[in-house]
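As structure tokens, the structure follows; a few thoughts come after it.
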Amino acid sequence: MATTYYFLPTRNLFGEDSVKETGSLMQSLGGKKALIVTDAFLAKNGMAENIQTILSDAGVESTVFGGVEPNPKDVNVEAGLQVFRENGCDSIISLGGGSSHDCAKAIALVASNGGNIRDYEGVDRSSNPLCPMIAVNTTAGTASEITRFCIITDTSRHVKMAIVDWRVTPQIAINDPNLMVGMPPALTAATGMDALTHAIEAYVSTNANPLTDAAALMSITMITQYLPKAVANGVYKARDKMAYGQYLAGIAFNNASLGYVHAMAHQLGGMYNLPHGVCNAILLPHVEEFNLIGNANRFRDIAKAMGEITENLSTMDAARKAIAAIRQLSSQVGIPERLRDLGVKEEDFPVMAENAMKDVCSVTNPRKATKEQIIGIFKAAY
């Protein structure tokens, strides 16, 4: 039997005002001049400035790079790397959601190992440890603040590169729900459905184990319960529970990996620069319908975790309830139903299907598909 690895950051902070410990934590990692990697909005709305003040109070200097785009690109990594080097930085703080964390990981990876970010596509391609890195999370979705996954768009190929490397896991992750309260409903819905996808794909993954199962099922229950509340009014309690829910999903997929939903969503993001969480949410019921026969027992468990009554039903009937519950939750939080609503073109399906089959996330899907079947799933979601 193969060895099971378990990946997680060294330290994790949760709760109100936990962000205030960023300075002392960076000091404990030995960082003296940090690059704060974030997007244009957080660079301007005062949040990056607050982090700078917290760092300064602890004797840590900092510079802000606010050039992260949604679905971060190789050119964003190169621009951030230039700022890192020009300012003599020795450490990194990512501030934001998955895009900021992924871009920051990529900057740190190249800063510590040299070359170009394209050199690290695949699994464990680096050889040197990252510089000190803290991830300060502001969304409840990607769990990139705790994972070994880093997704960067290669602008020359219009493909999302999956960089999976235990060294890109930030040493410290901070989930302060106060930073999430202002998230707009549409972003809350998209990131929440991304987290649900992580938990479901991890639970049915061929690499699942008892540790990932426990995290995935609790995540599914929490997200089902609290995502609609977070979307509806964004109150503190719902944000706090969603922070834990997405984190649990991160534990699960960081160790069990994912499946065809992510492999296919990566192609939509690379080709059209579409929101990752929305792509996942649209694809999720269609992929899992395809996967049902691959592991019906697991889908029955997912239905129960989502609050469905499964007693006195056959395994397959109970499993189908999971698909219905996914569709209902997605609709409840306002996710578009069809890929055509996002401007996707049917003629791109063959090339996207081919690339999806090469994506590292496809390896652990519970049912193997042909290129034609992947195209069929794209068409069903269209």
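Here's how to read the names in the structure tokens: chain A, B, ... by the order shown, residue numbers from 1 in each chain, ligand numbers from 1 in the order shown.
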
Checklist line | Lys304 (chain A) surroundings by only C-alpha atoms, 9 Å radius, close-in-sequence under 4 positions cut, as a list in words | finding: Thr221, Phe299, Arg300, Glu308, Ile309, Thr310, Ala318, Lys321 and Ala322 of chain A

Residues near Ser257 (chain A), anyone? I mean within 9 Å using only C-alpha atoms, not counting same-chain ones fewer than 2 positions away, as a PDB file with all heavy atoms, in the first residue's frame.
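That gives us result.pdb:
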ATOM      1  N   HIS A 198     -14.212  21.785  -3.565  1.00  0.00           N
ATOM      2  CA  HIS A 198     -13.001  21.193  -2.979  1.00  0.00           C
ATOM      3  C   HIS A 198     -13.362  20.008  -2.082  1.00  0.00           C
ATOM      4  O   HIS A 198     -12.747  18.940  -2.152  1.00  0.00           O
ATOM      5  CB  HIS A 198     -12.257  22.226  -2.125  1.00  0.00           C
ATOM      6  CG  HIS A 198     -11.622  23.316  -2.922  1.00  0.00           C
ATOM      7  ND1 HIS A 198     -11.361  24.565  -2.379  1.00  0.00           N
ATOM      8  CD2 HIS A 198     -11.201  23.372  -4.204  1.00  0.00           C
ATOM      9  CE1 HIS A 198     -10.802  25.320  -3.303  1.00  0.00           C
ATOM     10  NE2 HIS A 198     -10.694  24.615  -4.417  1.00  0.00           N
ATOM     11  N   GLU A 201     -14.995  17.022  -4.223  1.00  0.00           N
ATOM     12  CA  GLU A 201     -13.998  16.324  -5.064  1.00  0.00           C
ATOM     13  C   GLU A 201     -12.996  15.553  -4.207  1.00  0.00           C
ATOM     14  O   GLU A 201     -12.559  14.460  -4.585  1.00  0.00           O
ATOM     15  CB  GLU A 201     -13.282  17.325  -5.978  1.00  0.00           C
ATOM     16  CG  GLU A 201     -14.163  17.846  -7.094  1.00  0.00           C
ATOM     17  CD  GLU A 201     -13.389  18.135  -8.369  1.00  0.00           C
ATOM     18  OE1 GLU A 201     -12.652  19.145  -8.403  1.00  0.00           O
ATOM     19  OE2 GLU A 201     -13.517  17.354  -9.335  1.00  0.00           O
ATOM     20  N   ALA A 202     -12.629  16.114  -3.060  1.00  0.00           N
ATOM     21  CA  ALA A 202     -11.695  15.416  -2.171  1.00  0.00           C
ATOM     22  C   ALA A 202     -12.337  14.171  -1.585  1.00  0.00           C
ATOM     23  O   ALA A 202     -11.684  13.123  -1.452  1.00  0.00           O
ATOM     24  CB  ALA A 202     -11.237  16.346  -1.052  1.00  0.00           C
ATOM     25  N   SER A 205     -12.398  11.495  -4.201  1.00  0.00           N
ATOM     26  CA  SER A 205     -11.090  11.274  -4.822  1.00  0.00           C
ATOM     27  C   SER A 205     -10.568   9.859  -4.573  1.00  0.00           C
ATOM     28  O   SER A 205     -10.826   9.261  -3.523  1.00  0.00           O
ATOM     29  CB  SER A 205     -10.087  12.287  -4.246  1.00  0.00           C
ATOM     30  OG  SER A 205      -8.755  11.864  -4.439  1.00  0.00           O
ATOM     31  N   THR A 206      -9.806   9.355  -5.518  1.00  0.00           N
ATOM     32  CA  THR A 206      -9.179   8.036  -5.346  1.00  0.00           C
ATOM     33  C   THR A 206      -8.071   8.081  -4.291  1.00  0.00           C
ATOM     34  O   THR A 206      -7.589   7.034  -3.857  1.00  0.00           O
ATOM     35  CB  THR A 206      -8.587   7.532  -6.682  1.00  0.00           C
ATOM     36  OG1 THR A 206      -7.676   8.523  -7.188  1.00  0.00           O
ATOM     37  CG2 THR A 206      -9.683   7.293  -7.707  1.00  0.00           C
ATOM     38  N   ASN A 207      -7.669   9.283  -3.869  1.00  0.00           N
ATOM     39  CA  ASN A 207      -6.624   9.433  -2.851  1.00  0.00           C
ATOM     40  C   ASN A 207      -7.192   9.756  -1.467  1.00  0.00           C
ATOM     41  O   ASN A 207      -6.445  10.122  -0.564  1.00  0.00           O
ATOM     42  CB  ASN A 207      -5.656  10.562  -3.232  1.00  0.00           C
ATOM     43  CG  ASN A 207      -4.423  10.041  -3.941  1.00  0.00           C
ATOM     44  OD1 ASN A 207      -4.327   8.854  -4.216  1.00  0.00           O
ATOM     45  ND2 ASN A 207      -3.495  10.924  -4.252  1.00  0.00           N
ATOM     46  N   ALA A 208      -8.516   9.687  -1.306  1.00  0.00           N
ATOM     47  CA  ALA A 208      -9.132  10.012  -0.018  1.00  0.00           C
ATOM     48  C   ALA A 208      -8.641   9.068   1.071  1.00  0.00           C
ATOM     49  O   ALA A 208      -8.322   7.908   0.810  1.00  0.00           O
ATOM     50  CB  ALA A 208     -10.652   9.940  -0.139  1.00  0.00           C
ATOM     51  N   ALA A 252      -8.826  18.846   3.197  1.00  0.00           N
ATOM     52  CA  ALA A 252      -9.223  17.652   2.451  1.00  0.00           C
ATOM     53  C   ALA A 252      -8.549  17.586   1.082  1.00  0.00           C
ATOM     54  O   ALA A 252      -7.890  16.600   0.751  1.00  0.00           O
ATOM     55  CB  ALA A 252     -10.748  17.617   2.307  1.00  0.00           C
ATOM     56  N   PHE A 253      -8.689  18.640   0.286  1.00  0.00           N
ATOM     57  CA  PHE A 253      -8.159  18.530  -1.086  1.00  0.00           C
ATOM     58  C   PHE A 253      -6.647  18.711  -1.142  1.00  0.00           C
ATOM     59  O   PHE A 253      -5.997  18.227  -2.072  1.00  0.00           O
ATOM     60  CB  PHE A 253      -8.885  19.484  -2.041  1.00  0.00           C
ATOM     61  CG  PHE A 253      -8.297  20.854  -2.219  1.00  0.00           C
ATOM     62  CD1 PHE A 253      -7.260  21.077  -3.123  1.00  0.00           C
ATOM     63  CD2 PHE A 253      -8.807  21.949  -1.531  1.00  0.00           C
ATOM     64  CE1 PHE A 253      -6.733  22.346  -3.321  1.00  0.00           C
ATOM     65  CE2 PHE A 253      -8.284  23.221  -1.727  1.00  0.00           C
ATOM     66  CZ  PHE A 253      -7.245  23.416  -2.618  1.00  0.00           C
ATOM     67  N   ASN A 254      -6.066  19.370  -0.152  1.00  0.00           N
ATOM     68  CA  ASN A 254      -4.613  19.522  -0.120  1.00  0.00           C
ATOM     69  C   ASN A 254      -3.928  18.169  -0.003  1.00  0.00           C
ATOM     70  O   ASN A 254      -2.781  18.007  -0.409  1.00  0.00           O
ATOM     71  CB  ASN A 254      -4.211  20.406   1.064  1.00  0.00           C
ATOM     72  CG  ASN A 254      -2.793  20.921   0.965  1.00  0.00           C
ATOM     73  OD1 ASN A 254      -2.303  21.217  -0.119  1.00  0.00           O
ATOM     74  ND2 ASN A 254      -2.125  21.030   2.097  1.00  0.00           N
ATOM     75  N   ASN A 255      -4.661  17.205   0.540  1.00  0.00           N
ATOM     76  CA  ASN A 255      -4.095  15.881   0.769  1.00  0.00           C
ATOM     77  C   ASN A 255      -4.698  14.793  -0.114  1.00  0.00           C
ATOM     78  O   ASN A 255      -4.017  13.834  -0.472  1.00  0.00           O
ATOM     79  CB  ASN A 255      -4.264  15.522   2.249  1.00  0.00           C
ATOM     80  CG  ASN A 255      -3.451  16.451   3.133  1.00  0.00           C
ATOM     81  OD1 ASN A 255      -2.242  16.324   3.214  1.00  0.00           O
ATOM     82  ND2 ASN A 255      -4.097  17.425   3.762  1.00  0.00           N
ATOM     83  N   GLY A 259     -10.465  16.585  -8.856  1.00  0.00           N
ATOM     84  CA  GLY A 259     -10.977  15.744  -9.932  1.00  0.00           C
ATOM     85  C   GLY A 259     -11.286  16.544 -11.178  1.00  0.00           C
ATOM     86  O   GLY A 259     -10.734  17.632 -11.388  1.00  0.00           O
ATOM     87  N   VAL A 360      -3.267  17.991 -13.731  1.00  0.00           N
ATOM     88  CA  VAL A 360      -2.900  17.111 -12.620  1.00  0.00           C
ATOM     89  C   VAL A 360      -4.109  16.728 -11.770  1.00  0.00           C
ATOM     90  O   VAL A 360      -4.147  15.653 -11.160  1.00  0.00           O
ATOM     91  CB  VAL A 360      -1.780  17.774 -11.768  1.00  0.00           C
ATOM     92  CG1 VAL A 360      -2.289  18.982 -10.993  1.00  0.00           C
ATOM     93  CG2 VAL A 360      -1.139  16.774 -10.821  1.00  0.00           C
ATOM     94  N   CYS A 361      -5.141  17.580 -11.732  1.00  0.00           N
ATOM     95  CA  CYS A 361      -6.333  17.298 -10.913  1.00  0.00           C
ATOM     96  C   CYS A 361      -7.145  16.126 -11.443  1.00  0.00           C
ATOM     97  O   CYS A 361      -7.917  15.509 -10.706  1.00  0.00           O
ATOM     98  CB  CYS A 361      -7.232  18.534 -10.823  1.00  0.00           C
ATOM     99  SG  CYS A 361      -6.484  19.915  -9.946  1.00  0.00           S
ATOM    100  N   VAL A 363      -6.151  13.255 -12.318  1.00  0.00           N
ATOM    101  CA  VAL A 363      -5.568  11.951 -11.952  1.00  0.00           C
ATOM    102  C   VAL A 363      -6.394  11.236 -10.884  1.00  0.00           C
ATOM    103  O   VAL A 363      -6.524  10.011 -10.907  1.00  0.00           O
ATOM    104  CB  VAL A 363      -4.107  12.138 -11.476  1.00  0.00           C
ATOM    105  CG1 VAL A 363      -3.506  10.832 -10.990  1.00  0.00           C
ATOM    106  CG2 VAL A 363      -3.256  12.733 -12.588  1.00  0.00           C
ATOM    107  N   THR A 364      -6.968  11.987  -9.938  1.00  0.00           N
ATOM    108  CA  THR A 364      -7.640  11.363  -8.790  1.00  0.00           C
ATOM    109  C   THR A 364      -9.170  11.364  -8.921  1.00  0.00           C
ATOM    110  O   THR A 364      -9.877  11.126  -7.944  1.00  0.00           O
ATOM    111  CB  THR A 364      -7.220  12.074  -7.490  1.00  0.00           C
ATOM    112  OG1 THR A 364      -7.240  13.504  -7.701  1.00  0.00           O
ATOM    113  CG2 THR A 364      -5.835  11.678  -7.061  1.00  0.00           C
ATOM    114  N   ASN A 365      -9.692  11.639 -10.115  1.00  0.00           N
ATOM    115  CA  ASN A 365     -11.135  11.558 -10.321  1.00  0.00           C
ATOM    116  C   ASN A 365     -11.593  10.102 -10.177  1.00  0.00           C
ATOM    117  O   ASN A 365     -10.902   9.188 -10.640  1.00  0.00           O
ATOM    118  CB  ASN A 365     -11.504  12.081 -11.721  1.00  0.00           C
ATOM    119  CG  ASN A 365     -12.981  12.404 -11.834  1.00  0.00           C
ATOM    120  OD1 ASN A 365     -13.449  13.405 -11.298  1.00  0.00           O
ATOM    121  ND2 ASN A 365     -13.737  11.550 -12.506  1.00  0.00           N
TER     122      ASN A 365
END

Next item on the list: Find the distance between CA of Lys358 (chain A) and CA of Gln373 (chain A) and write it in Å to one decimal.
Entry: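 Those two atoms sit 14.5 Å apart.
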
Margin query: Under the rule that only C-alpha atoms are counted, which of A:Ala215, A:Ala143, A:Cys89, A:Val64 is the nearest residue to Asp102 (chain A)?
Written below: A:Ala143

Check: Counting only C-alpha atoms, which of A:Ala34, A:Val19, A:Ala58, A:Leu339 gets nearest to Thr138 (chain A)?
Finding: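 For Thr138 (chain A), the nearest of the candidates is A:Val19.
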
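For the choices A:Ala135, A:Ala305, A:Val344, A:Val68, the atom-to-atom distance to Leu217 (chain A) is smallest for A:Ala305 when using only C-alpha atoms.
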
Next item on the list: Identify, on the basis of only C-alpha atoms, every residue whose closest approach to region 117-131 of chain A does not exceed 9 Å; exclude the query and any residue fewer than 2 positions from it along the same chain; express the result as a ChimeraX atom specification.
Entry: /A:31,74,77-78,90-92,105-115,133,152,154,161-170,359-360

Note to self: Please identify the helix (DSSP H, G or I) residues within region 100-258 of chain A (assignment by DSSP from backbone atoms) and present them as a PyMOL selection string.
What the structure shows: chain A and resi 100-113+117-120+166-168+177-179+185-204+210-233+236-256

What are the closest atom pairs, with distances in Å to one decimal, for each residue of region 125-198 of chain A lying within 7 Å of region 229-251 of chain A, using only C-alpha atoms, rows by chain and rising residue number, as a tab-separated table?
residue	atom	partner	partner_atom	distance
A:Ala140	CA	A:Ala243	CA	5.1
A:Gly141	CA	A:Gln246	CA	5.3
A:Ala143	CA	A:Gly250	CA	4.9
A:Ile146	CA	A:Gly250	CA	6.8
A:Thr147	CA	A:Gly250	CA	6.6
A:Asn175	CA	A:Ala243	CA	6.5
A:Pro177	CA	A:Asp240	CA	5.2
A:Met180	CA	A:Arg239	CA	6.5
A:Val181	CA	A:Gly234	CA	5.9
A:Pro185	CA	A:Val231	CA	4.7
A:Thr188	CA	A:Val231	CA	5.8
A:Ala189	CA	A:Val231	CA	6.1
A:Ala195	CA	A:Gln246	CA	5.1
A:His198	CA	A:Ala249	CA	5.6

Write a file of the just-selected residues containing C-alpha atoms, as a compact mmCIF listing (two decimals), in the first residue's frame.
# COMPACT_ATOMS: atom_id res chain seq x y z
CA ALA A 140 -13.91 31.93 2.34
CA GLY A 141 -13.30 29.73 -0.66
CA ALA A 143 -8.11 27.69 0.96
CA ILE A 146 -3.01 26.52 3.51
CA THR A 147 -2.40 24.43 0.41
CA ASN A 175 -8.25 33.55 8.84
CA PRO A 177 -13.51 36.79 9.78
CA MET A 180 -14.37 38.88 5.22
CA VAL A 181 -17.44 40.83 6.39
CA PRO A 185 -22.75 38.55 -2.14
CA THR A 188 -19.24 35.18 -1.33
CA ALA A 189 -21.35 32.76 -3.39
CA ALA A 195 -14.96 25.47 -1.26
CA HIS A 198 -13.00 21.19 -2.98

If we count only C-alpha atoms and set the cut-off at 9 Å, which residues sit around region 282-298 of chain A, ignoring sequence neighbours fewer than 3 positions away in its own chain? Please answer as a compact mmCIF listing (two decimals) with C-alpha atoms, in the first residue's frame.
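selection-v2.txt written:
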# COMPACT_ATOMS: atom_id res chain seq x y z
CA THR A 197 -16.31 21.72 -4.81
CA ILE A 200 -16.82 17.06 -2.62
CA GLU A 201 -14.00 16.32 -5.06
CA TYR A 203 -14.30 13.10 -0.63
CA VAL A 204 -14.79 11.12 -3.84
CA GLY A 259 -10.98 15.74 -9.93
CA TYR A 260 -12.49 16.64 -13.29
CA VAL A 261 -14.43 19.68 -12.01
CA HIS A 262 -11.18 21.52 -11.33
CA MET A 264 -12.17 21.43 -16.57
CA ALA A 265 -12.65 24.72 -14.69
CA GLY A 277 -15.63 29.56 -8.31
CA VAL A 278 -18.47 30.18 -10.78
CA CYS A 279 -16.96 27.72 -13.30
CA ASP A 301 -22.69 10.25 2.36
CA ILE A 302 -22.52 13.67 0.66
CA ALA A 303 -26.33 13.79 0.45
CA THR A 315 -27.71 3.59 -2.53
CA MET A 316 -28.11 5.03 -6.04
CA ALA A 318 -29.63 8.38 -2.10
CA ALA A 319 -26.57 9.27 -4.20
CA ARG A 320 -28.73 11.14 -6.71
CA ALA A 322 -26.52 14.70 -3.53
CA ILE A 323 -26.65 15.97 -7.12
CA ALA A 324 -30.07 17.56 -6.52
CA ILE A 326 -25.78 20.65 -5.10
CA ARG A 327 -28.04 22.14 -7.79
CA SER A 330 -26.02 26.68 -6.28
CA ILE A 335 -24.86 31.05 -9.43
CA PRO A 336 -25.57 31.10 -13.21
CA GLU A 337 -26.82 27.73 -14.48
CA ARG A 338 -25.10 27.48 -17.85
CA LEU A 339 -21.65 28.00 -19.37
CA ASN A 365 -11.13 11.56 -10.32
CA PRO A 366 -13.16 8.47 -9.28
CA ARG A 367 -14.22 7.60 -12.84
CA LYS A 368 -11.94 7.75 -15.87
CA ALA A 369 -13.30 9.62 -18.90
CA GLN A 373 -16.95 12.08 -22.46
CA ILE A 374 -15.25 15.27 -21.18
CA ILE A 377 -19.82 17.03 -19.78
CA PHE A 378 -18.92 20.48 -21.17
CA ALA A 380 -24.26 19.13 -20.66
CA ALA A 381 -23.16 22.22 -18.68

Item checked: Straight-line distance linking CA of Glu372 (chain A) with CA of Asp341 (chain A), stated in Å to one decimal -> 22.7 Å

Margin query: Report, in Å to a single decimal, how far apart CA of Pro228 (chain A) and CA of Leu268 (chain A) are.
Written below: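 Straight-line distance from CA of Leu268 (chain A) to CA of Pro228 (chain A) works out to 25.5 Å.
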
Note to self: as a PyMOL selection string, please: the residues near Thr22 (chain A) (cut-off 10 Å, only C-alpha atoms, same-chain neighbours under 5 positions excluded).
What the structure shows: chain A and resi 13+27-28+51-52+54-55+58+93+134-136+172-174

Take the residues from that selection and write them out as a compact mmCIF listing (two decimals), in the first residue's frame, keeping C-alpha atoms.
# COMPACT_ATOMS: atom_id res chain seq x y z
CA LEU A 13 -4.71 31.41 13.31
CA GLN A 27 9.33 38.60 13.19
CA SER A 28 9.29 34.98 14.47
CA ILE A 51 -1.07 45.37 7.45
CA GLN A 52 1.87 47.73 6.89
CA ILE A 54 0.90 46.13 12.04
CA LEU A 55 4.25 45.10 10.54
CA ALA A 58 6.72 44.95 15.12
CA ILE A 93 2.70 38.36 2.93
CA ILE A 134 2.38 34.44 5.79
CA ALA A 135 -1.01 34.21 4.06
CA VAL A 136 -3.70 36.60 5.33
CA ILE A 172 1.57 30.62 8.61
CA ALA A 173 -2.09 31.14 7.62
CA ILE A 174 -4.44 33.71 9.17

Notebook entry, point to check: Which of these residues is nearest to Asn273 (chain A), using only C-alpha atoms: A:Asn45, A:Thr155, A:Ser94, A:Thr224?
Noted result: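 Closest to Asn273 (chain A) of all the choices is A:Thr155.
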
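Nearest residue to Gly334 (chain A), choosing from A:Leu187, A:Ala353, A:Leu179, A:Val83 and counting only C-alpha atoms: A:Leu187.
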
Margin query: Env of Gly97 (chain A): 7 Å cut, atoms = only C-alpha atoms, seq-sep filter 6 positions within chain, self excluded. Answer as a PyMOL selection string.
Written below: chain A and resi 137-139+142

Those residues with N, CA and C atoms, as an mmCIF file, in the first residue's frame please?
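Printed below is again.cif as written:
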data_model
loop_
_atom_site.group_PDB
_atom_site.id
_atom_site.type_symbol
_atom_site.label_atom_id
_atom_site.label_comp_id
_atom_site.auth_asym_id
_atom_site.auth_seq_id
_atom_site.Cartn_x
_atom_site.Cartn_y
_atom_site.Cartn_z
ATOM 1 N N ASN A 137 -5.895 35.729 4.822
ATOM 2 C CA ASN A 137 -7.016 35.399 3.950
ATOM 3 C C ASN A 137 -8.192 36.365 4.124
ATOM 4 N N THR A 138 -8.817 36.764 3.003
ATOM 5 C CA THR A 138 -9.966 37.681 3.081
ATOM 6 C C THR A 138 -11.220 37.097 2.430
ATOM 7 N N THR A 139 -11.144 35.878 1.894
ATOM 8 C CA THR A 139 -12.323 35.231 1.303
ATOM 9 C C THR A 139 -12.462 33.829 1.875
ATOM 10 N N THR A 142 -11.058 29.495 -1.524
ATOM 11 C CA THR A 142 -10.008 28.726 -2.204
ATOM 12 C C THR A 142 -9.158 27.883 -1.266
#

Margin query: Just checking: using only C-alpha atoms, which residue out of A:Pro184, A:Gly88, A:Pro70, A:Gly307 ends up closest to Pro275 (chain A)?
Written below: A:Pro70

Check: Please, which residues of region 11-104 of chain A, numbered as in this document, come out strand (DSSP E or B) from DSSP, as JSON, numbers by chain?
Finding: {"A": [11, 12, 13, 14, 33, 34, 35, 36, 37, 38, 39, 61, 62, 63, 64, 65, 66, 67, 68, 73, 91, 92, 93, 94, 95, 96]}
